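*Asks:* I'd like to ask you about the structure that follows.
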Amino acid sequence: MDIFKKIGKTAKSTASTIGTKSVELMNTGKLMMEKNNLKGKITSRFKDIGSIIYKAHKDQISPDEEKIIAICQEIDDLEVQIADIEQKVKEEKEKSKKAQETTYSENASETEIETPQEKVRESPTEEEEEDEEKKDS
């Protein structure tokens with residue numbers, strides 16, 4: 001009956017771990033989508049800078065520096081947001097790793113199942129057989 005209790009505890013712990021991992025993956029996925037969205041915005045803002053510069057070149061005028069500086073500041077802000085998201089992803093992974101290690105160590109101490117060990121004797125070598133024959137003679 002004791003073995004069934006151990007199996008039950010292991011199953012319950014495994015289900016808990018799966019639930020925790022699912023939440024972690026969902027949170028990490030959301031963060032990665034947000035990060036990719038911000039990267040897309042940065043790419044768009046780079047295109048805007050290029051467009052301003054090309055248009056000024058085409059019209060043979062100086063580019064509007066104030067617009068370019070404002071766009072560069074937007075890009076800087078977006079990069080800060082990306083760094084924040086990357087830190088959150090890292091923290092989420094570390095939190096999950098610690099939870100997994102805790103669960104594993106709890107399971108390891110609770111679910112040890114003793115099984116009888118059988119000794120398996122190998123077939124005797126030719127030399128051993130010859131020695132046995134000499135002893136029997």
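Chain labels follow the order of the structure tokens: the first chain is A, the next B, and so on; residue numbering restarts at 1 in every chain, and ligands are counted from 1 in their shown order.
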Using only C-alpha atoms, which residues sit within 10 Å of Asn36 of chain A once same-chain residues fewer than 6 positions away are excluded, as a ChimeraX atom specification?
*Replies:* /A:30,42,82
*Asks:* Could you take the residues named above and write them with C-alpha atoms, as a compact mmCIF listing (two decimals), in the first residue's frame?
*Replies:*
```txt
# COMPACT_ATOMS: atom_id res chain seq x y z
CA LYS A 30 3.68 36.71 -24.34
CA ILE A 42 12.28 49.94 -34.26
CA ILE A 82 13.18 45.43 -25.02
```
*Asks:* Could you jot down the atom CA of Asp64 of chain A to atom CA of Lys39 of chain A separation for me, Å, one decimal place?
*Replies:* 24.2 Å
*Asks:* Closest to Glu24 of chain A among A:Lys6, A:Lys67, A:Lys55, A:Lys95, using only C-alpha atoms?
*Replies:*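 Of the candidates, the smallest distance to Glu24 of chain A is held by A:Lys95.
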*Asks:* Looking only at the backbone, which of the residues in segment 17-121 of chain A does DSSP tag as alpha helix (DSSP H), as a PDB file with C-alpha atoms, in the first residue's frame?
*Replies:*
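As written to disk, part-v8.pdb reads:
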```
ATOM      1  CA  THR A  17       5.141  20.768 -12.362  1.00  0.00           C
ATOM      2  CA  ILE A  18       3.369  20.516 -15.711  1.00  0.00           C
ATOM      3  CA  GLY A  19       0.945  23.260 -14.672  1.00  0.00           C
ATOM      4  CA  THR A  20       3.781  25.515 -13.529  1.00  0.00           C
ATOM      5  CA  LYS A  21       5.723  24.920 -16.748  1.00  0.00           C
ATOM      6  CA  SER A  22       2.627  25.698 -18.852  1.00  0.00           C
ATOM      7  CA  VAL A  23       2.158  29.037 -17.094  1.00  0.00           C
ATOM      8  CA  GLU A  24       5.862  29.831 -17.525  1.00  0.00           C
ATOM      9  CA  LEU A  25       5.762  29.034 -21.239  1.00  0.00           C
ATOM     10  CA  MET A  26       2.634  31.138 -21.707  1.00  0.00           C
ATOM     11  CA  ASN A  27       4.171  34.120 -19.867  1.00  0.00           C
ATOM     12  CA  THR A  28       7.461  33.784 -21.718  1.00  0.00           C
ATOM     13  CA  GLY A  29       5.612  33.510 -25.033  1.00  0.00           C
ATOM     14  CA  LYS A  30       3.681  36.710 -24.337  1.00  0.00           C
ATOM     15  CA  LEU A  31       6.870  38.524 -23.450  1.00  0.00           C
ATOM     16  CA  MET A  32       8.613  37.305 -26.601  1.00  0.00           C
ATOM     17  CA  MET A  33       5.670  38.454 -28.739  1.00  0.00           C
ATOM     18  CA  GLU A  34       5.848  41.878 -27.102  1.00  0.00           C
ATOM     19  CA  LYS A  35       9.610  41.985 -27.726  1.00  0.00           C
ATOM     20  CA  ASN A  36       9.139  41.111 -31.412  1.00  0.00           C
ATOM     21  CA  ASN A  37       6.445  43.789 -31.709  1.00  0.00           C
ATOM     22  CA  LEU A  38       8.870  46.376 -30.308  1.00  0.00           C
ATOM     23  CA  LYS A  39      11.610  45.217 -32.687  1.00  0.00           C
ATOM     24  CA  GLY A  40       9.176  45.731 -35.557  1.00  0.00           C
ATOM     25  CA  LYS A  41       8.531  49.271 -34.358  1.00  0.00           C
ATOM     26  CA  ILE A  42      12.277  49.936 -34.258  1.00  0.00           C
ATOM     27  CA  THR A  43      12.650  48.673 -37.822  1.00  0.00           C
ATOM     28  CA  SER A  44       9.811  50.941 -38.895  1.00  0.00           C
ATOM     29  CA  ARG A  45      11.420  53.946 -37.217  1.00  0.00           C
ATOM     30  CA  PHE A  46      14.744  53.181 -38.951  1.00  0.00           C
ATOM     31  CA  LYS A  47      12.876  53.190 -42.248  1.00  0.00           C
ATOM     32  CA  ASP A  48      11.397  56.566 -41.329  1.00  0.00           C
ATOM     33  CA  ILE A  49      14.879  57.980 -40.739  1.00  0.00           C
ATOM     34  CA  GLY A  50      16.049  56.595 -44.063  1.00  0.00           C
ATOM     35  CA  SER A  51      13.038  58.071 -45.814  1.00  0.00           C
ATOM     36  CA  ILE A  52      13.684  61.514 -44.315  1.00  0.00           C
ATOM     37  CA  ILE A  53      17.336  61.426 -45.364  1.00  0.00           C
ATOM     38  CA  TYR A  54      16.591  60.159 -48.870  1.00  0.00           C
ATOM     39  CA  LYS A  55      13.840  62.724 -49.430  1.00  0.00           C
ATOM     40  CA  ALA A  56      16.215  65.522 -48.326  1.00  0.00           C
ATOM     41  CA  HIS A  57      18.918  64.140 -50.635  1.00  0.00           C
ATOM     42  CA  LYS A  58      16.480  63.931 -53.535  1.00  0.00           C
ATOM     43  CA  GLU A  65      17.517  67.079 -37.807  1.00  0.00           C
ATOM     44  CA  GLU A  66      14.807  67.630 -35.193  1.00  0.00           C
ATOM     45  CA  LYS A  67      12.659  64.868 -36.708  1.00  0.00           C
ATOM     46  CA  ILE A  68      15.638  62.531 -36.911  1.00  0.00           C
ATOM     47  CA  ILE A  69      16.631  63.232 -33.288  1.00  0.00           C
ATOM     48  CA  ALA A  70      13.027  62.655 -32.119  1.00  0.00           C
ATOM     49  CA  ILE A  71      12.886  59.348 -33.969  1.00  0.00           C
ATOM     50  CA  CYS A  72      16.270  58.305 -32.521  1.00  0.00           C
ATOM     51  CA  GLN A  73      14.946  59.032 -29.025  1.00  0.00           C
ATOM     52  CA  GLU A  74      11.893  56.858 -29.756  1.00  0.00           C
ATOM     53  CA  ILE A  75      14.242  54.056 -30.832  1.00  0.00           C
ATOM     54  CA  ASP A  76      16.243  54.467 -27.608  1.00  0.00           C
ATOM     55  CA  ASP A  77      13.019  54.188 -25.575  1.00  0.00           C
ATOM     56  CA  LEU A  78      11.970  51.075 -27.481  1.00  0.00           C
ATOM     57  CA  GLU A  79      15.377  49.477 -26.869  1.00  0.00           C
ATOM     58  CA  VAL A  80      15.018  50.139 -23.123  1.00  0.00           C
ATOM     59  CA  GLN A  81      11.632  48.403 -23.222  1.00  0.00           C
ATOM     60  CA  ILE A  82      13.183  45.429 -25.022  1.00  0.00           C
ATOM     61  CA  ALA A  83      15.935  45.192 -22.385  1.00  0.00           C
ATOM     62  CA  ASP A  84      13.253  45.206 -19.660  1.00  0.00           C
ATOM     63  CA  ILE A  85      11.398  42.384 -21.393  1.00  0.00           C
ATOM     64  CA  GLU A  86      14.597  40.350 -21.773  1.00  0.00           C
ATOM     65  CA  GLN A  87      15.219  40.774 -18.027  1.00  0.00           C
ATOM     66  CA  LYS A  88      11.668  39.595 -17.257  1.00  0.00           C
ATOM     67  CA  VAL A  89      12.165  36.520 -19.479  1.00  0.00           C
ATOM     68  CA  LYS A  90      15.425  35.744 -17.695  1.00  0.00           C
ATOM     69  CA  GLU A  91      13.778  36.107 -14.272  1.00  0.00           C
ATOM     70  CA  GLU A  92      10.864  33.914 -15.357  1.00  0.00           C
ATOM     71  CA  LYS A  93      13.257  31.169 -16.487  1.00  0.00           C
ATOM     72  CA  GLU A  94      15.289  31.371 -13.265  1.00  0.00           C
ATOM     73  CA  LYS A  95      12.118  31.234 -11.166  1.00  0.00           C
ATOM     74  CA  SER A  96      10.943  28.190 -13.092  1.00  0.00           C
ATOM     75  CA  LYS A  97      14.329  26.496 -12.777  1.00  0.00           C
ATOM     76  CA  LYS A  98      14.336  26.993  -8.983  1.00  0.00           C
ATOM     77  CA  ALA A  99      10.794  25.654  -8.707  1.00  0.00           C
ATOM     78  CA  GLN A 100      11.726  22.628 -10.803  1.00  0.00           C
ATOM     79  CA  GLU A 101      14.816  21.930  -8.691  1.00  0.00           C
ATOM     80  CA  THR A 102      12.743  22.179  -5.503  1.00  0.00           C
ATOM     81  CA  THR A 103      10.100  19.828  -6.869  1.00  0.00           C
ATOM     82  CA  TYR A 104      12.750  17.369  -8.053  1.00  0.00           C
ATOM     83  CA  SER A 105      14.533  17.297  -4.688  1.00  0.00           C
ATOM     84  CA  GLU A 106      11.218  16.790  -2.866  1.00  0.00           C
ATOM     85  CA  ASN A 107      10.278  13.953  -5.214  1.00  0.00           C
ATOM     86  CA  ALA A 108      13.680  12.313  -4.933  1.00  0.00           C
ATOM     87  CA  SER A 109      13.385  12.032  -1.155  1.00  0.00           C
ATOM     88  CA  GLU A 110       9.728  10.938  -1.176  1.00  0.00           C
TER      89      GLU A 110
END
```
